[in-house]
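K.L.:
Quick one: this structure, given as structure tokens, is what I'll be asking you about.
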Amino acid sequence: MNIVVQVLNFISQQILNVPAYLIGIIAAIGLIALKRSAGQVIAGGLKAAMGYLILGAGAGVVVGALAPFGDLVLKSTGAHGVVPTNEVITAQAAGQYGATSAYIIVLSFVLMLLAARFTPLKYIFLTGHHMVFMSMLLALVLSVGFGAGNQLLIVIVGSVIMATVMVVLPAFAQPFMNRITGSDKLSIGHFNSLSYIVSGAVGAAVGKKSKSTEDINFPKGLSFLRDSMVSTTLLMVVLYLVFAVWASVVLPVKELFKIFASHPTDYSAFYMAAFAQALQFGIGVSVILYGVRIILGELVPAFQGIANKVVPGARPALDIPIVFPYGANASLIGFLSSFVGGLVALGLIAIWMGPAWGLALILPGMVPHFFDGGGAGVFGNATGGRRGAILGGFINGLIITFLPAVLLTVMGSFGLANSTFGDADFGWVGTVVGNFAHLGAGVGAISLIIVAVILFALAWVWQVKVVNTGWLPAVKHAEFIEGIKKQERAAKKAAVAVKAAETHEEAATK
């Protein structure tokens, strides 16, 4: 039994938990199905894996730059509470629920492949670290509800639930992804899908006459801001320095100088450390975008082979940074709006919801607000332009603050931990599963299987009736934007014609 657990742990932790390996293997399988040469298969698999590693390296730089920024914000404002961090809560729960989580992740992956092969929900979820987080969440809340002694039942129910959400959530988000990318080749595989769908829907509702964030017209003197790397970095420089000055006013010197790893010993060094971290943030975003381009260049063609041979019509469901190149300005706007939404939600919990319902204070974590809020901004912009990006990001901030607070109520002793799961789907899935699990092993298990069947059936109908028919959200908004672009092209042609006529007239006069 221990050997089986060790093997499953190896597969889940060392292979499925490393998205780069998983994506490299998938790319190689696709190229083999396309009957490419051995050299092309090896090169394609390696480049796909390296692209994801580059993306991960960029994400690591961003996370490293955001950590001290979070310290600046929290220590400057004096806020105290729970910071949602998936990695932290997963590590805390691994000792008690690691083996159960390993069984769930492997069995759910097999069930997902079967669903993709034999049903219209042909999505292959490839974000390995989110699979690990979800499997740990399900192992935890099911064990709290069913009792740790019902491990086999926990594994079966947890695997069914996890396989279901891995194919259902990409299906519901697919029309919005099609609007973002302009094709149906990619899907989103990130457990914040609820926020992305809501952001896209809100954008479609409020942004009928709002231009895209990517069409912002800068004055000539500010034309350099069209470069997303420059504009992103410049904004972070401003934010970093504002909070650095604030912190230097309100914090004791010893505490202030511990914020940055370099441990500056004077204020000038402290401000320059803040400036350097802002530059690191810009570098990290640029590396992410480069890694995304490499992944798309290798994985999409390889997936044609999988679609044709292994799982006909399959779509890769990838991590949220995959959409950032489709809205660089939108992702930044979404991040900032999400952070503001998190602060507003924090205030509501502190003033009203906490005292009334006993909800914990959820502090705004910079990492979830950047990735989740950035993704929400891109989804909102795709359907509602600037207005959609701002409001979509703001609503995401509310969602990823309220839902983690509610989730803590079904996590047993881990509900008292200093961290929790941070993304929207962890919040609603964990809360639903946890509440049904508290009905007991028998009734709870049957109820959860019924919930999974209902979700799967709804997604099946959505896929057939909506996604496969080519429906796209915010068609009127797209037509409006296209009309504006046509007018601009016509105006440019007219200006060229007038200039040519004037030139011809001057030449004739001479």
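Residues in the structure tokens are numbered from 1 in each chain, the chains being A, B, ... in the order shown, and ligands are numbered from 1 in the order shown.
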At a cut-off of 8 Å, using only C-alpha atoms, what residues contact A:Phe370? Leave out same-chain residues fewer than 2 positions from it and give the result as an NGL selection string.
P.N.:
:A and (332 or 334-336 or 338 or 366-368 or 372-374)
K.L.:
Please write the residues from the selection above to a file, keeping N, CA, C and O atoms, as a PDB file, in the first residue's frame.
P.N.:
```pdb
ATOM      1  N   LEU A 332      -3.420  45.188 -16.539  1.00  0.00           N
ATOM      2  CA  LEU A 332      -2.944  46.114 -15.513  1.00  0.00           C
ATOM      3  C   LEU A 332      -4.111  46.846 -14.852  1.00  0.00           C
ATOM      4  O   LEU A 332      -4.174  46.982 -13.622  1.00  0.00           O
ATOM      5  N   GLY A 334      -7.174  45.761 -14.686  1.00  0.00           N
ATOM      6  CA  GLY A 334      -7.898  44.772 -13.891  1.00  0.00           C
ATOM      7  C   GLY A 334      -7.230  44.515 -12.556  1.00  0.00           C
ATOM      8  O   GLY A 334      -7.915  44.363 -11.529  1.00  0.00           O
ATOM      9  N   PHE A 335      -5.907  44.466 -12.533  1.00  0.00           N
ATOM     10  CA  PHE A 335      -5.161  44.261 -11.293  1.00  0.00           C
ATOM     11  C   PHE A 335      -5.453  45.377 -10.299  1.00  0.00           C
ATOM     12  O   PHE A 335      -5.801  45.132  -9.130  1.00  0.00           O
ATOM     13  N   LEU A 336      -5.351  46.622 -10.754  1.00  0.00           N
ATOM     14  CA  LEU A 336      -5.567  47.759  -9.857  1.00  0.00           C
ATOM     15  C   LEU A 336      -7.022  47.819  -9.387  1.00  0.00           C
ATOM     16  O   LEU A 336      -7.293  48.072  -8.210  1.00  0.00           O
ATOM     17  N   SER A 338      -9.086  45.310  -9.142  1.00  0.00           N
ATOM     18  CA  SER A 338      -9.300  44.192  -8.236  1.00  0.00           C
ATOM     19  C   SER A 338      -8.776  44.520  -6.839  1.00  0.00           C
ATOM     20  O   SER A 338      -9.418  44.203  -5.832  1.00  0.00           O
ATOM     21  N   MET A 366      -1.409  40.440  -2.967  1.00  0.00           N
ATOM     22  CA  MET A 366      -1.028  41.033  -4.245  1.00  0.00           C
ATOM     23  C   MET A 366      -1.004  40.011  -5.382  1.00  0.00           C
ATOM     24  O   MET A 366      -1.363  40.316  -6.513  1.00  0.00           O
ATOM     25  N   VAL A 367      -0.579  38.782  -5.079  1.00  0.00           N
ATOM     26  CA  VAL A 367      -0.453  37.779  -6.137  1.00  0.00           C
ATOM     27  C   VAL A 367      -1.811  37.397  -6.728  1.00  0.00           C
ATOM     28  O   VAL A 367      -2.002  37.463  -7.940  1.00  0.00           O
ATOM     29  N   PRO A 368      -2.817  37.003  -5.922  1.00  0.00           N
ATOM     30  CA  PRO A 368      -4.121  36.702  -6.531  1.00  0.00           C
ATOM     31  C   PRO A 368      -4.757  37.903  -7.205  1.00  0.00           C
ATOM     32  O   PRO A 368      -5.399  37.764  -8.247  1.00  0.00           O
ATOM     33  N   ASP A 372      -5.509  37.060 -10.932  1.00  0.00           N
ATOM     34  CA  ASP A 372      -6.963  36.955 -11.081  1.00  0.00           C
ATOM     35  C   ASP A 372      -7.550  38.267 -11.591  1.00  0.00           C
ATOM     36  O   ASP A 372      -8.390  38.277 -12.498  1.00  0.00           O
ATOM     37  N   GLY A 373      -7.129  39.376 -10.980  1.00  0.00           N
ATOM     38  CA  GLY A 373      -7.642  40.677 -11.405  1.00  0.00           C
ATOM     39  C   GLY A 373      -7.219  41.015 -12.821  1.00  0.00           C
ATOM     40  O   GLY A 373      -8.007  41.560 -13.606  1.00  0.00           O
ATOM     41  N   GLY A 374      -5.970  40.685 -13.165  1.00  0.00           N
ATOM     42  CA  GLY A 374      -5.512  40.929 -14.541  1.00  0.00           C
ATOM     43  C   GLY A 374      -6.319  40.143 -15.544  1.00  0.00           C
ATOM     44  O   GLY A 374      -6.728  40.661 -16.590  1.00  0.00           O
TER      45      GLY A 374
END
```
K.L.:
Fewer than 2 positions away in the same chain doesn't count, so skip those; otherwise give me all residues within 9 Å of A:Leu169, counting only C-alpha atoms, as an MDAnalysis selection string.
P.N.:
chainID A and resid 164:167 171:174 188:191 193:194 459
K.L.:
So that I can see what lies close to stretch 358-365 of chain A, please list as a list in words the residues with an atom at most 8 Å from it, counting only C-alpha atoms and leaving out residues fewer than 5 positions away in the same chain.
P.N.:
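So the residues in contact are Gly70, Ala79, His80, Gly81, Val82, Val83, Pro84, Thr85, Phe339, Gly342, Leu343, Leu346, Ile349, Ala350, Met353, Thr401, Phe402, Pro404, Ala405, Val406, Leu408 and Thr409 of chain A.
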K.L.:
Find the spatial neighbours of stretch 243-253 of chain A, counting only C-alpha atoms, within a cut-off of 12 Å - ignore same-chain residues fewer than 3 positions away - and output them as a PyMOL selection string.
P.N.:
chain A and resi 68-78+236-240+256-260+263-275+277-278
K.L.:
For C-alpha atoms, I'd like the residues from the last selection saved as a PDB file, in the first residue's frame.
P.N.:
```pdb
ATOM      1  CA  PRO A  68       7.487  43.454  -0.406  1.00  0.00           C
ATOM      2  CA  PHE A  69       4.814  45.655  -1.995  1.00  0.00           C
ATOM      3  CA  GLY A  70       2.206  43.719  -0.030  1.00  0.00           C
ATOM      4  CA  ASP A  71       4.252  44.251   3.130  1.00  0.00           C
ATOM      5  CA  LEU A  72       4.418  47.974   2.393  1.00  0.00           C
ATOM      6  CA  VAL A  73       0.645  48.216   1.961  1.00  0.00           C
ATOM      7  CA  LEU A  74      -0.319  46.080   4.963  1.00  0.00           C
ATOM      8  CA  LYS A  75       2.224  47.531   7.380  1.00  0.00           C
ATOM      9  CA  SER A  76       1.512  51.095   6.262  1.00  0.00           C
ATOM     10  CA  THR A  77      -2.220  50.699   6.788  1.00  0.00           C
ATOM     11  CA  GLY A  78      -1.900  48.535   9.903  1.00  0.00           C
ATOM     12  CA  MET A 236       4.382  50.187 -10.422  1.00  0.00           C
ATOM     13  CA  VAL A 237       7.230  52.659  -9.793  1.00  0.00           C
ATOM     14  CA  VAL A 238       4.667  55.288  -8.806  1.00  0.00           C
ATOM     15  CA  LEU A 239       2.716  52.892  -6.566  1.00  0.00           C
ATOM     16  CA  TYR A 240       5.853  51.511  -4.923  1.00  0.00           C
ATOM     17  CA  LEU A 256      10.785  49.745   7.914  1.00  0.00           C
ATOM     18  CA  PHE A 257      14.224  48.573   6.845  1.00  0.00           C
ATOM     19  CA  LYS A 258      13.261  44.891   7.202  1.00  0.00           C
ATOM     20  CA  ILE A 259      10.703  45.063   4.376  1.00  0.00           C
ATOM     21  CA  PHE A 260      13.231  44.553   1.584  1.00  0.00           C
ATOM     22  CA  HIS A 263      18.014  45.473   4.381  1.00  0.00           C
ATOM     23  CA  PRO A 264      18.891  49.060   3.464  1.00  0.00           C
ATOM     24  CA  THR A 265      20.349  51.102   6.277  1.00  0.00           C
ATOM     25  CA  ASP A 266      19.166  54.572   5.209  1.00  0.00           C
ATOM     26  CA  TYR A 267      16.141  56.135   3.578  1.00  0.00           C
ATOM     27  CA  SER A 268      17.773  56.737   0.191  1.00  0.00           C
ATOM     28  CA  ALA A 269      18.706  53.047  -0.054  1.00  0.00           C
ATOM     29  CA  PHE A 270      15.169  52.110   1.024  1.00  0.00           C
ATOM     30  CA  TYR A 271      13.582  54.201  -1.746  1.00  0.00           C
ATOM     31  CA  MET A 272      16.003  52.832  -4.338  1.00  0.00           C
ATOM     32  CA  ALA A 273      15.158  49.289  -3.209  1.00  0.00           C
ATOM     33  CA  ALA A 274      11.476  50.111  -3.801  1.00  0.00           C
ATOM     34  CA  PHE A 275      12.354  51.495  -7.241  1.00  0.00           C
ATOM     35  CA  GLN A 277      11.432  46.088  -7.064  1.00  0.00           C
ATOM     36  CA  ALA A 278       9.101  48.048  -9.356  1.00  0.00           C
TER      37      ALA A 278
END
```
K.L.:
When you draw a straight line from atom CA of A:Ala424 to atom CA of A:Leu113, how long is it in Å?
P.N.:
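Atom CA of A:Ala424 sits 24.2 Å away from atom CA of A:Leu113.
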K.L.:
For A:Gly45, which residue out of A:Leu279, A:Leu348, A:Ala57, A:Ile294 is the nearest one, using only C-alpha atoms?
P.N.:
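Between A:Leu279, A:Leu348, A:Ala57, A:Ile294, the residue approaching A:Gly45 most closely is A:Ile294.
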K.L.:
For A:Val61, please output as a PDB file with C-alpha atoms, in the first residue's frame all residues within 12 Å (counting only C-alpha atoms; exclusion window: fewer than 5 positions along the same chain).
P.N.:
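What ended up in selection_10.pdb:
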```pdb
ATOM      1  CA  ILE A  54       9.920  30.826 -18.890  1.00  0.00           C
ATOM      2  CA  LEU A  55       6.350  31.795 -18.013  1.00  0.00           C
ATOM      3  CA  GLY A  56       6.892  30.388 -14.524  1.00  0.00           C
ATOM      4  CA  LEU A  66       4.825  41.906  -5.200  1.00  0.00           C
ATOM      5  CA  ALA A  67       5.729  40.367  -1.822  1.00  0.00           C
ATOM      6  CA  GLN A 277      11.432  46.088  -7.064  1.00  0.00           C
ATOM      7  CA  ALA A 278       9.101  48.048  -9.356  1.00  0.00           C
ATOM      8  CA  LEU A 279      11.525  47.475 -12.244  1.00  0.00           C
ATOM      9  CA  GLN A 280      11.625  43.771 -11.365  1.00  0.00           C
ATOM     10  CA  PHE A 281       7.850  43.677 -11.640  1.00  0.00           C
ATOM     11  CA  GLY A 282       7.998  45.087 -15.177  1.00  0.00           C
ATOM     12  CA  ILE A 283      10.673  42.570 -16.125  1.00  0.00           C
ATOM     13  CA  GLY A 284       8.571  39.713 -14.767  1.00  0.00           C
ATOM     14  CA  VAL A 285       5.512  40.748 -16.794  1.00  0.00           C
ATOM     15  CA  SER A 286       7.620  40.951 -19.943  1.00  0.00           C
ATOM     16  CA  VAL A 287       9.063  37.479 -19.346  1.00  0.00           C
ATOM     17  CA  ILE A 288       5.534  36.100 -18.837  1.00  0.00           C
ATOM     18  CA  VAL A 367      -0.453  37.779  -6.137  1.00  0.00           C
TER      19      VAL A 367
END
```
K.L.:
Stretch 135-352 of chain A: which residues are alpha helix (DSSP H) by DSSP, as a PyMOL selection string?
P.N.:
chain A and resi 135-146+151-181+193-206+228-250+253-256+267-305+328-348
K.L.:
How many Å lie between atom CA of A:Ile161 and atom CA of A:Phe379, rounded to one decimal?
P.N.:
25.8 Å
K.L.:
Between A:Ser143, A:Asn396, A:Thr383, A:Thr233, which is the closest to A:Val62 once you count only C-alpha atoms?
P.N.:
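Smallest separation from A:Val62 among the options: A:Thr233.
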K.L.:
Which neighbours of stretch 98-105 of chain A fall inside 8 Å, counting only C-alpha atoms, when residues of the same chain fewer than 6 positions from it are skipped, and could you give them as a ChimeraX atom specification?
P.N.:
/A:5,8-9,12-13,131-132,135-136,138-139,151,154-156,158-159,162
K.L.:
For the selection just defined, write its residues with N, CA and C atoms to a file, as an mmCIF file, in the first residue's frame.
P.N.:
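File produced: out02.cif:
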```cif
data_model
loop_
_atom_site.group_PDB
_atom_site.id
_atom_site.type_symbol
_atom_site.label_atom_id
_atom_site.label_comp_id
_atom_site.auth_asym_id
_atom_site.auth_seq_id
_atom_site.Cartn_x
_atom_site.Cartn_y
_atom_site.Cartn_z
ATOM 1 N N VAL A 5 1.105 4.405 -2.719
ATOM 2 C CA VAL A 5 1.010 5.814 -2.325
ATOM 3 C C VAL A 5 2.226 6.586 -2.812
ATOM 4 N N LEU A 8 1.931 7.125 -6.581
ATOM 5 C CA LEU A 8 0.939 8.156 -6.871
ATOM 6 C C LEU A 8 1.449 9.534 -6.464
ATOM 7 N N ASN A 9 2.151 9.580 -5.343
ATOM 8 C CA ASN A 9 2.745 10.853 -4.926
ATOM 9 C C ASN A 9 3.767 11.342 -5.936
ATOM 10 N N SER A 12 1.830 12.585 -9.054
ATOM 11 C CA SER A 12 1.090 13.825 -8.821
ATOM 12 C C SER A 12 2.008 14.994 -8.504
ATOM 13 N N GLN A 13 3.047 14.752 -7.692
ATOM 14 C CA GLN A 13 3.887 15.852 -7.246
ATOM 15 C C GLN A 13 5.020 16.179 -8.215
ATOM 16 N N MET A 131 -4.382 22.026 -10.125
ATOM 17 C CA MET A 131 -4.909 20.691 -9.862
ATOM 18 C C MET A 131 -4.502 20.223 -8.467
ATOM 19 N N VAL A 132 -3.277 20.497 -8.094
ATOM 20 C CA VAL A 132 -2.798 20.115 -6.760
ATOM 21 C C VAL A 132 -3.573 20.871 -5.678
ATOM 22 N N SER A 135 -7.199 19.485 -5.479
ATOM 23 C CA SER A 135 -7.246 18.155 -4.872
ATOM 24 C C SER A 135 -7.028 18.235 -3.366
ATOM 25 N N MET A 136 -6.136 19.130 -2.918
ATOM 26 C CA MET A 136 -5.902 19.294 -1.482
ATOM 27 C C MET A 136 -7.124 19.899 -0.799
ATOM 28 N N LEU A 138 -10.269 19.617 -1.733
ATOM 29 C CA LEU A 138 -11.320 18.602 -1.666
ATOM 30 C C LEU A 138 -11.000 17.543 -0.614
ATOM 31 N N ALA A 139 -9.737 17.129 -0.550
ATOM 32 C CA ALA A 139 -9.345 16.160 0.477
ATOM 33 C C ALA A 139 -9.607 16.720 1.869
ATOM 34 N N GLN A 151 -11.653 7.107 3.738
ATOM 35 C CA GLN A 151 -10.737 7.595 2.716
ATOM 36 C C GLN A 151 -11.159 7.177 1.303
ATOM 37 N N ILE A 154 -13.915 9.348 0.168
ATOM 38 C CA ILE A 154 -13.384 10.694 -0.055
ATOM 39 C C ILE A 154 -12.679 10.780 -1.400
ATOM 40 N N VAL A 155 -11.871 9.763 -1.727
ATOM 41 C CA VAL A 155 -11.135 9.756 -2.993
ATOM 42 C C VAL A 155 -12.094 9.685 -4.173
ATOM 43 N N ILE A 156 -13.098 8.819 -4.104
ATOM 44 C CA ILE A 156 -14.047 8.658 -5.214
ATOM 45 C C ILE A 156 -14.850 9.941 -5.435
ATOM 46 N N GLY A 158 -14.225 12.986 -4.269
ATOM 47 C CA GLY A 158 -13.325 14.091 -4.609
ATOM 48 C C GLY A 158 -12.871 14.041 -6.052
ATOM 49 N N SER A 159 -12.584 12.850 -6.560
ATOM 50 C CA SER A 159 -12.132 12.711 -7.955
ATOM 51 C C SER A 159 -13.247 13.068 -8.935
ATOM 52 N N MET A 162 -13.671 16.882 -8.829
ATOM 53 C CA MET A 162 -12.552 17.591 -9.457
ATOM 54 C C MET A 162 -12.545 17.394 -10.971
#
```
K.L.:
Per residue of stretch 63-163 of chain A within 8 Å of stretch 430-445 of chain A, record the nearest atom pair and its distance in Å to one decimal, counting only C-alpha atoms, with rows in chain order and ascending residue number, as JSON lines.
P.N.:
```
{"residue": "A:Leu137", "atom": "CA", "partner": "A:Gly430", "partner_atom": "CA", "distance": 6.7}
{"residue": "A:Leu138", "atom": "CA", "partner": "A:Gly430", "partner_atom": "CA", "distance": 6.8}
{"residue": "A:Val141", "atom": "CA", "partner": "A:Gly434", "partner_atom": "CA", "distance": 5.1}
{"residue": "A:Leu142", "atom": "CA", "partner": "A:Ala437", "partner_atom": "CA", "distance": 5.9}
{"residue": "A:Val144", "atom": "CA", "partner": "A:His438", "partner_atom": "CA", "distance": 7.7}
{"residue": "A:Gly145", "atom": "CA", "partner": "A:His438", "partner_atom": "CA", "distance": 4.3}
{"residue": "A:Phe146", "atom": "CA", "partner": "A:Ala441", "partner_atom": "CA", "distance": 4.7}
{"residue": "A:Gly147", "atom": "CA", "partner": "A:Ala441", "partner_atom": "CA", "distance": 7.7}
{"residue": "A:Asn150", "atom": "CA", "partner": "A:Ala441", "partner_atom": "CA", "distance": 7.7}
{"residue": "A:Leu153", "atom": "CA", "partner": "A:Ala445", "partner_atom": "CA", "distance": 7.7}
{"residue": "A:Val157", "atom": "CA", "partner": "A:Ala445", "partner_atom": "CA", "distance": 6.5}
```
K.L.:
Which residue out of A:Ser187, A:Ser199, A:Ser37, A:Asn178 has the minimum interatomic distance to A:Gly385 when only C-alpha atoms are used?
P.N.:
A:Ser199
K.L.:
What does the distance between atom CA of A:Val378 and atom CA of A:Pro312 come to in Å, to one decimal place?
P.N.:
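Atom CA of A:Val378 sits 28.9 Å away from atom CA of A:Pro312.
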K.L.:
Nearest to A:Val106 among A:Val63, A:Ala48, A:Val311, A:Ile15, with distances taken over only C-alpha atoms: which residue is it?
P.N.:
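Residue with the minimum atom-to-atom distance to A:Val106: A:Ile15.
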K.L.:
Of the residues A:Gly24, A:Gly200, A:Gly64, A:Pro316, which is the one nearest to A:Lys185, using only C-alpha atoms?
P.N.:
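Residue with the minimum atom-to-atom distance to A:Lys185: A:Pro316.
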K.L.:
In terms of the shortest atom-to-atom distance over only C-alpha atoms, which of A:Val464, A:Leu234, A:Ile197, A:Leu448 is closest to A:Gly380?
P.N.:
A:Ile197
K.L.:
Name the residues of stretch 162-378 of chain A that come out as strand (DSSP E) in a backbone DSSP run; write them as a list in words.
P.N.:
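The residues of stretch 162-378 of chain A classed as strand (DSSP E) are Ser187, Ile188, Arg315, Pro316, Ala317 and Leu318 of chain A.
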